[in-house]
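A.B. asks: Once you've had a glance at the structure underneath, I'll fire off some questions.
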Amino acid sequence: MGRRLGGLVCTVLAGAVLAGTAAAGASAASTAPPPGGDGAAGAGAGAFRITRPPRTMLVVAGGDVLNEGVVNNAGAAAAVPPQRYDFAPLFAPVASIVGAADLAICHMEIPVGRAGAGAGVYGRSPYGGNLLLAPYEIIAGLATTGFDRCSTASNHSNDLGRDGIASTLEALDAAGISHAGTARSPAESAPEVFTVNGIRVAHLSYSTYSNTVWPSDGWALNRASSPERVAAAAQAVRAAGAEVVIVSLHVLKEMQREPLPADRAFATRLTELADIDLIVHHGPHVVQPVETVNGTVVYWSVGNFVSGMGRPGTGRYVDPRSSDGLLAVVRFTETAPGEFTAVSRPVLLCNERSRRTVYAPVSELARAEATGQPLEPGLDTQLRACLARGREMVPDAT
């Protein structure tokens with residue numbers, strides 16, 4: 001058991017919560033408890049349950065979705081005309097894990113264009129780096145994979161201005177994926193509380209910086225200007241009835257093995273000020289450790305879900321660690337009325353170098369061994385290297 005904070009007991013366990021893809025599906029097969037407190041408890045005649053069954057929720061949160069050129073090329077190669085792109089095949093090896101969640105959250109780091117709009121580089125930021133636009137079809141790929149919601153606050157959110165924010169949210173709305181972090185109006189920017197398996201949940205999304213000037217209207221892109229600002233939003237959703245609060249936070253420094261002292265101080269202060277149950281950091285593009293801070297499960301960086309990084313010719317992103325990512329897998333279980341235990345079990349991911357297919361190396365290697373169908377040598381080597389790098393940072397990851 002971990003330290004209790006605001007009705008939540010947070011634990012990062014070394015024991016398995018998910019033992020590969022099949023177990024992920026089984027563990028998530030939960031249903032909301034019946035409205036009443038009594039129910040069947042056994043096969044014996046007259047048996048009944050005196051106490052209410054526990055409420056439970058499995059959350060899966062993925063890393064950065066970056067539609068760089070090689071990713072778009074892979075999506076185009078997988079498409080069947082008249083489709084322009086089909087990204088679902090790239091994510092298919094992990095769809096059973098994502099789809100097993102009661103709430104699956106992606107991080108759409110770059111703006112998404114409207115149907116038919118060109119994708120790619122749209123210029124250079126005044127602060128350095130490219131201004132990027134993802135193809136409309138990426139959202140269908142995420143929806144098919146099983147994502148229910150996306151965080152959209154990042155350094156790239158304002159790459160194409162307010163129209164890019166609007167087109168991104170239009171694409172998510174059309175696919176039935178909810179979102180947090182950017183908005184088209186002040187009303188839309190207000191944090192919401194929604195219900196998952198009978199549990200009242202809030203998910204907030206903020207960025208600490210922007211590649212361009214910040215939108216003139218502060219409500220268009222959530223800026224993590226201080227821990228106090230994010231804490232105020234968390235306190236507001238608690239007051240509105242949220243029982244579990246999740247924060248996605250995009251930070252500045254890339255390619256670091258550990259969180260910066262400033263990022264650690266931010267999260268520490270934030271969890272002192274507000275009852276937050278899970279914090280998932282984005283932006284470093286590499287995997288960083290998972291810890292418990294003031295009773296809150298904190299993923300310091302979940303790396304990339306899909307990107308063009310980790311290949312020759314990608315500059316500072318040539319580092320193979322930028323091919324790696326995590327799924328933040330956390331099960332919340334009610335242990336007393338309004339009191340939840342959070343059990344965390346990270347799942348390692350790896351982007352295959354040329355086709356950019358996303359694999360969970362532990363389950364993929366286990367499947368190959370169990371079926372007697374070995375992986376092609378190049379893929380086997382990549383997945384084993386990815387697994388070794390990931391375990392170095394997060395030893396209990398599956």
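Labels used: A, B, ... for chains in the order of the structure tokens, numbers from 1 for residues in each chain, and numbers from 1 for ligands as shown.
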Identify, on the basis of only C-alpha atoms, every residue whose closest approach to segment 113-116 of chain A does not exceed 10 Å; exclude the query and any residue fewer than 6 positions from it along the same chain; express the result as a short mmCIF file (atom, residue, chain, number, x, y, z; two decimals) with C-alpha atoms, in the first residue's frame.

C.D. replies:
data_model
loop_
_atom_site.label_atom_id
_atom_site.label_comp_id
_atom_site.auth_asym_id
_atom_site.auth_seq_id
_atom_site.Cartn_x
_atom_site.Cartn_y
_atom_site.Cartn_z
CA ARG A 84 -4.78 8.19 -48.50
CA LEU A 132 3.96 20.22 -38.29
CA LEU A 133 0.54 19.06 -39.42
CA ALA A 134 -0.68 15.45 -39.16
CA PRO A 135 -3.06 13.95 -41.73
CA TYR A 136 -6.73 13.72 -40.83
CA GLU A 137 -6.57 9.91 -41.01
CA ILE A 138 -4.33 9.57 -37.95
CA LEU A 160 -0.79 26.38 -37.27
CA ASP A 163 -7.24 27.07 -37.18
CA GLY A 164 -4.90 24.16 -36.43
CA ILE A 165 -6.39 23.84 -32.95
CA ALA A 166 -9.89 23.88 -34.44
CA SER A 167 -9.15 21.28 -37.15
CA THR A 168 -7.57 18.96 -34.58
CA LEU A 169 -10.59 19.05 -32.31
CA GLU A 170 -12.97 18.66 -35.26
CA ALA A 171 -11.18 15.47 -36.27
#

A.B. asks: Please extract the residues of segment 60-110 of chain A with a backbone DSSP assignment of alpha helix (DSSP H) and present them as a list in words.

C.D. replies: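 Of segment 60-110 of chain A, the ones in alpha helix (DSSP H) are Gly69, Val70, Val71, Asn72, Asn73, Ala74, Gly75, Ala76, Ala77, Ala78, Ala88, Pro89, Leu90, Phe91, Ala95, Ser96, Ile97, Val98 and Gly99 of chain A.
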
A.B. asks: Limited to N, CA and C atoms, could you put the picked residues into a file as a PDB file, in the first residue's frame?

C.D. replies:
ATOM      1  N   GLY A  69       7.589  12.364 -41.359  1.00  0.00           N
ATOM      2  CA  GLY A  69       7.508  11.867 -42.728  1.00  0.00           C
ATOM      3  C   GLY A  69       7.482  10.369 -42.851  1.00  0.00           C
ATOM      4  N   VAL A  70       8.358   9.662 -42.143  1.00  0.00           N
ATOM      5  CA  VAL A  70       8.429   8.215 -42.283  1.00  0.00           C
ATOM      6  C   VAL A  70       7.164   7.543 -41.745  1.00  0.00           C
ATOM      7  N   VAL A  71       6.521   8.151 -40.756  1.00  0.00           N
ATOM      8  CA  VAL A  71       5.263   7.612 -40.228  1.00  0.00           C
ATOM      9  C   VAL A  71       4.159   7.780 -41.267  1.00  0.00           C
ATOM     10  N   ASN A  72       4.095   8.957 -41.872  1.00  0.00           N
ATOM     11  CA  ASN A  72       3.089   9.188 -42.912  1.00  0.00           C
ATOM     12  C   ASN A  72       3.312   8.265 -44.112  1.00  0.00           C
ATOM     13  N   ASN A  73       4.577   8.027 -44.459  1.00  0.00           N
ATOM     14  CA  ASN A  73       4.861   7.119 -45.568  1.00  0.00           C
ATOM     15  C   ASN A  73       4.383   5.705 -45.242  1.00  0.00           C
ATOM     16  N   ALA A  74       4.571   5.277 -44.005  1.00  0.00           N
ATOM     17  CA  ALA A  74       4.119   3.940 -43.609  1.00  0.00           C
ATOM     18  C   ALA A  74       2.600   3.859 -43.639  1.00  0.00           C
ATOM     19  N   GLY A  75       1.923   4.941 -43.198  1.00  0.00           N
ATOM     20  CA  GLY A  75       0.460   4.966 -43.256  1.00  0.00           C
ATOM     21  C   GLY A  75      -0.053   4.956 -44.681  1.00  0.00           C
ATOM     22  N   ALA A  76       0.654   5.627 -45.576  1.00  0.00           N
ATOM     23  CA  ALA A  76       0.255   5.629 -46.989  1.00  0.00           C
ATOM     24  C   ALA A  76       0.469   4.251 -47.619  1.00  0.00           C
ATOM     25  N   ALA A  77       1.552   3.576 -47.249  1.00  0.00           N
ATOM     26  CA  ALA A  77       1.838   2.253 -47.801  1.00  0.00           C
ATOM     27  C   ALA A  77       0.797   1.226 -47.356  1.00  0.00           C
ATOM     28  N   ALA A  78       0.227   1.429 -46.168  1.00  0.00           N
ATOM     29  CA  ALA A  78      -0.760   0.480 -45.641  1.00  0.00           C
ATOM     30  C   ALA A  78      -2.167   0.733 -46.167  1.00  0.00           C
ATOM     31  N   ALA A  88      -3.997   2.338 -38.708  1.00  0.00           N
ATOM     32  CA  ALA A  88      -4.380   1.260 -37.800  1.00  0.00           C
ATOM     33  C   ALA A  88      -3.422   0.063 -37.876  1.00  0.00           C
ATOM     34  N   PRO A  89      -2.943  -0.343 -39.072  1.00  0.00           N
ATOM     35  CA  PRO A  89      -2.011  -1.476 -39.103  1.00  0.00           C
ATOM     36  C   PRO A  89      -0.710  -1.214 -38.337  1.00  0.00           C
ATOM     37  N   LEU A  90      -0.282   0.037 -38.250  1.00  0.00           N
ATOM     38  CA  LEU A  90       0.931   0.350 -37.509  1.00  0.00           C
ATOM     39  C   LEU A  90       0.746   0.091 -36.019  1.00  0.00           C
ATOM     40  N   PHE A  91      -0.486   0.260 -35.541  1.00  0.00           N
ATOM     41  CA  PHE A  91      -0.750   0.140 -34.106  1.00  0.00           C
ATOM     42  C   PHE A  91      -1.380  -1.208 -33.745  1.00  0.00           C
ATOM     43  N   ALA A  95      -3.103  -3.064 -30.124  1.00  0.00           N
ATOM     44  CA  ALA A  95      -4.516  -2.684 -30.040  1.00  0.00           C
ATOM     45  C   ALA A  95      -5.248  -3.457 -28.953  1.00  0.00           C
ATOM     46  N   SER A  96      -4.866  -4.713 -28.715  1.00  0.00           N
ATOM     47  CA  SER A  96      -5.563  -5.481 -27.680  1.00  0.00           C
ATOM     48  C   SER A  96      -5.272  -4.937 -26.289  1.00  0.00           C
ATOM     49  N   ILE A  97      -4.086  -4.350 -26.071  1.00  0.00           N
ATOM     50  CA  ILE A  97      -3.753  -3.757 -24.785  1.00  0.00           C
ATOM     51  C   ILE A  97      -4.504  -2.445 -24.614  1.00  0.00           C
ATOM     52  N   VAL A  98      -4.438  -1.592 -25.630  1.00  0.00           N
ATOM     53  CA  VAL A  98      -5.138  -0.302 -25.562  1.00  0.00           C
ATOM     54  C   VAL A  98      -6.641  -0.517 -25.447  1.00  0.00           C
ATOM     55  N   GLY A  99      -7.158  -1.429 -26.271  1.00  0.00           N
ATOM     56  CA  GLY A  99      -8.594  -1.673 -26.290  1.00  0.00           C
ATOM     57  C   GLY A  99      -9.122  -2.312 -25.027  1.00  0.00           C
TER      58      GLY A  99
END

A.B. asks: Which residues are close to Val237 of chain A, i.e. within 8 Å by only C-alpha atoms, leaving aside same-chain residues fewer than 5 positions away? Reply as an MDAnalysis selection string.

C.D. replies: chainID A and resid 191:193 202 242 245

A.B. asks: Once DSSP has gone over the backbone, tell me which residues of segment 172-335 of chain A are in strand (DSSP E or B), as a short mmCIF file (atom, residue, chain, number, x, y, z; two decimals) with C-alpha atoms, in the first residue's frame.

C.D. replies:
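part_34.cif was written with the following content:
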data_model
loop_
_atom_site.label_atom_id
_atom_site.label_comp_id
_atom_site.auth_asym_id
_atom_site.auth_seq_id
_atom_site.Cartn_x
_atom_site.Cartn_y
_atom_site.Cartn_z
CA SER A 178 -12.89 13.26 -26.30
CA HIS A 179 -10.06 15.68 -25.59
CA ALA A 180 -8.43 18.10 -23.17
CA THR A 182 -6.84 22.99 -26.29
CA PHE A 194 -17.11 12.29 -16.82
CA THR A 195 -18.03 8.80 -15.67
CA VAL A 196 -16.13 5.57 -16.38
CA ILE A 199 -16.32 6.34 -11.28
CA ARG A 200 -16.28 10.11 -11.68
CA VAL A 201 -13.10 11.03 -13.56
CA ALA A 202 -11.37 14.24 -14.64
CA HIS A 203 -8.48 14.42 -17.12
CA LEU A 204 -6.53 17.68 -17.52
CA SER A 205 -3.88 18.50 -20.12
CA TYR A 206 -1.24 21.27 -19.93
CA SER A 207 2.00 22.30 -21.64
CA LEU A 221 -4.09 26.28 -25.05
CA ARG A 223 -0.36 26.72 -20.19
CA VAL A 244 -10.01 10.24 -9.82
CA VAL A 245 -7.97 13.10 -11.34
CA ILE A 246 -5.42 12.51 -14.12
CA VAL A 247 -3.03 15.18 -15.45
CA SER A 248 -1.14 15.04 -18.75
CA LEU A 249 1.80 17.45 -18.70
CA HIS A 250 4.03 18.32 -21.68
CA LEU A 278 -1.89 10.13 -11.85
CA ILE A 279 0.52 12.43 -13.71
CA VAL A 280 1.79 11.44 -17.18
CA HIS A 281 4.63 13.53 -18.65
CA HIS A 282 5.21 13.99 -22.38
CA VAL A 287 11.45 6.72 -21.44
CA VAL A 290 8.05 5.86 -12.82
CA GLU A 291 7.77 6.99 -9.20
CA THR A 292 5.29 7.86 -6.49
CA VAL A 293 5.38 11.53 -5.41
CA THR A 296 0.62 10.25 -6.71
CA VAL A 297 1.79 7.85 -9.42
CA VAL A 298 4.08 9.90 -11.70
CA TYR A 299 5.32 8.76 -15.10
CA VAL A 302 6.26 7.86 -21.48
CA GLY A 303 8.41 8.59 -24.55
CA ASN A 304 6.90 8.22 -28.01
CA PHE A 305 3.93 6.14 -29.09
CA VAL A 306 4.80 6.61 -32.77
CA ASP A 324 10.94 3.57 -27.27
CA GLY A 325 7.84 4.36 -25.26
CA LEU A 326 5.62 3.25 -22.43
CA LEU A 327 1.96 2.64 -21.94
CA ALA A 328 1.11 3.96 -18.49
CA VAL A 329 -1.18 1.18 -17.27
CA VAL A 330 -2.90 1.97 -13.97
CA ARG A 331 -5.80 0.14 -12.33
CA PHE A 332 -7.91 2.10 -9.86
CA THR A 333 -9.95 0.00 -7.42
CA GLU A 334 -12.29 1.26 -4.74
CA THR A 335 -11.31 -0.14 -1.33
#

A.B. asks: Enter the distance from atom CA of Leu66 of chain A to atom CA of Gly283 of chain A, in Å, rounded to one decimal.

C.D. replies: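 Straight-line distance from atom CA of Leu66 of chain A to atom CA of Gly283 of chain A works out to 10.8 Å.
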
A.B. asks: For a quick check of understanding, using only C-alpha atoms, which of A:Ala174, A:Cys150, A:Leu270, A:Ile139 has the smallest distance to Asp64 of chain A?

C.D. replies: A:Cys150

A.B. asks: Taking 6 positions as the minimum chain separation for residues in the same chain, which residues sit within 8 Å of Ala104 of chain A when counting only C-alpha atoms? Answer as a list in words.

C.D. replies: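 Surrounding residues, per the criterion: Val59, Val60, Ala61, Gly62, Val98, Gly146, Phe147, Asp148 and Arg149 of chain A.
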
A.B. asks: What does the distance between atom CA of Ser189 of chain A and atom CA of Ile276 of chain A come to in Å, to one decimal place?

C.D. replies: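 If I compute the distance from atom CA of Ser189 of chain A to atom CA of Ile276 of chain A, I get 19.3 Å.
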
A.B. asks: Need to verify the contact set: segment 216-218 of chain A, 12 Å, only C-alpha atoms, exclusion of same-chain residues closer than 3 positions in sequence. Can you return it as a ChimeraX atom specification?

C.D. replies: /A:158,161-162,181-186,189-190,206,212-213,221-225

A.B. asks: Using only C-alpha atoms, which of the listed residues (A:Gly129, A:Gly141, A:Gly63, A:Pro215) sits closest to Trp300 of chain A?

C.D. replies: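 Of A:Gly129, A:Gly141, A:Gly63, A:Pro215, the one nearest Trp300 of chain A is A:Gly63, counting only C-alpha atoms.
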
A.B. asks: I'd like the contact shell of Pro93 of chain A - 9 Å cut-off, only C-alpha atoms, skipping same-chain residues fewer than 6 positions apart - returned as a list in words.

C.D. replies: Thr357, Val358, Tyr359, Ala360 and Glu364 of chain A

A.B. asks: Kindly save the residues from that selection, with all heavy atoms included, as a PDB file, in the first residue's frame.

C.D. replies:
ATOM      1  N   THR A 357       5.974   0.287 -37.171  1.00  0.00           N
ATOM      2  CA  THR A 357       4.958  -0.479 -36.455  1.00  0.00           C
ATOM      3  C   THR A 357       5.267  -0.439 -34.965  1.00  0.00           C
ATOM      4  O   THR A 357       6.435  -0.505 -34.556  1.00  0.00           O
ATOM      5  CB  THR A 357       4.928  -1.931 -36.945  1.00  0.00           C
ATOM      6  OG1 THR A 357       4.743  -1.917 -38.364  1.00  0.00           O
ATOM      7  CG2 THR A 357       3.810  -2.714 -36.291  1.00  0.00           C
ATOM      8  N   VAL A 358       4.217  -0.331 -34.143  1.00  0.00           N
ATOM      9  CA  VAL A 358       4.381  -0.229 -32.695  1.00  0.00           C
ATOM     10  C   VAL A 358       4.193  -1.614 -32.076  1.00  0.00           C
ATOM     11  O   VAL A 358       3.136  -2.234 -32.235  1.00  0.00           O
ATOM     12  CB  VAL A 358       3.364   0.764 -32.100  1.00  0.00           C
ATOM     13  CG1 VAL A 358       3.569   0.898 -30.583  1.00  0.00           C
ATOM     14  CG2 VAL A 358       3.486   2.131 -32.778  1.00  0.00           C
ATOM     15  N   TYR A 359       5.208  -2.071 -31.367  1.00  0.00           N
ATOM     16  CA  TYR A 359       5.172  -3.379 -30.721  1.00  0.00           C
ATOM     17  C   TYR A 359       5.323  -3.231 -29.209  1.00  0.00           C
ATOM     18  O   TYR A 359       5.986  -2.301 -28.721  1.00  0.00           O
ATOM     19  CB  TYR A 359       6.312  -4.267 -31.222  1.00  0.00           C
ATOM     20  CG  TYR A 359       6.199  -4.699 -32.663  1.00  0.00           C
ATOM     21  CD1 TYR A 359       6.921  -4.050 -33.661  1.00  0.00           C
ATOM     22  CD2 TYR A 359       5.383  -5.767 -33.026  1.00  0.00           C
ATOM     23  CE1 TYR A 359       6.833  -4.448 -34.991  1.00  0.00           C
ATOM     24  CE2 TYR A 359       5.283  -6.176 -34.350  1.00  0.00           C
ATOM     25  CZ  TYR A 359       6.015  -5.519 -35.324  1.00  0.00           C
ATOM     26  OH  TYR A 359       5.921  -5.924 -36.632  1.00  0.00           O
ATOM     27  N   ALA A 360       4.744  -4.177 -28.477  1.00  0.00           N
ATOM     28  CA  ALA A 360       5.046  -4.372 -27.060  1.00  0.00           C
ATOM     29  C   ALA A 360       6.043  -5.518 -27.011  1.00  0.00           C
ATOM     30  O   ALA A 360       5.658  -6.680 -27.191  1.00  0.00           O
ATOM     31  CB  ALA A 360       3.787  -4.702 -26.274  1.00  0.00           C
ATOM     32  N   GLU A 364       5.319  -9.565 -27.605  1.00  0.00           N
ATOM     33  CA  GLU A 364       5.635 -10.000 -28.971  1.00  0.00           C
ATOM     34  C   GLU A 364       6.679 -11.111 -28.957  1.00  0.00           C
ATOM     35  O   GLU A 364       6.558 -12.114 -29.675  1.00  0.00           O
ATOM     36  CB  GLU A 364       6.152  -8.810 -29.786  1.00  0.00           C
ATOM     37  CG  GLU A 364       6.126  -9.024 -31.271  1.00  0.00           C
ATOM     38  CD  GLU A 364       4.717  -9.120 -31.847  1.00  0.00           C
ATOM     39  OE1 GLU A 364       3.776  -8.555 -31.235  1.00  0.00           O
ATOM     40  OE2 GLU A 364       4.564  -9.764 -32.901  1.00  0.00           O
TER      41      GLU A 364
END

A.B. asks: Smallest atom-to-atom distance to Leu142 of chain A: which of A:Val121, A:Ala236, A:Val94, A:Ala388, using only C-alpha atoms?

C.D. replies: A:Val94

A.B. asks: Report, in Å to a single decimal, how far apart atom CA of Arg321 of chain A and atom CA of Arg389 of chain A are.

C.D. replies: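 Answer for the atom CA of Arg389 of chain A to atom CA of Arg321 of chain A separation: 7.2 Å.
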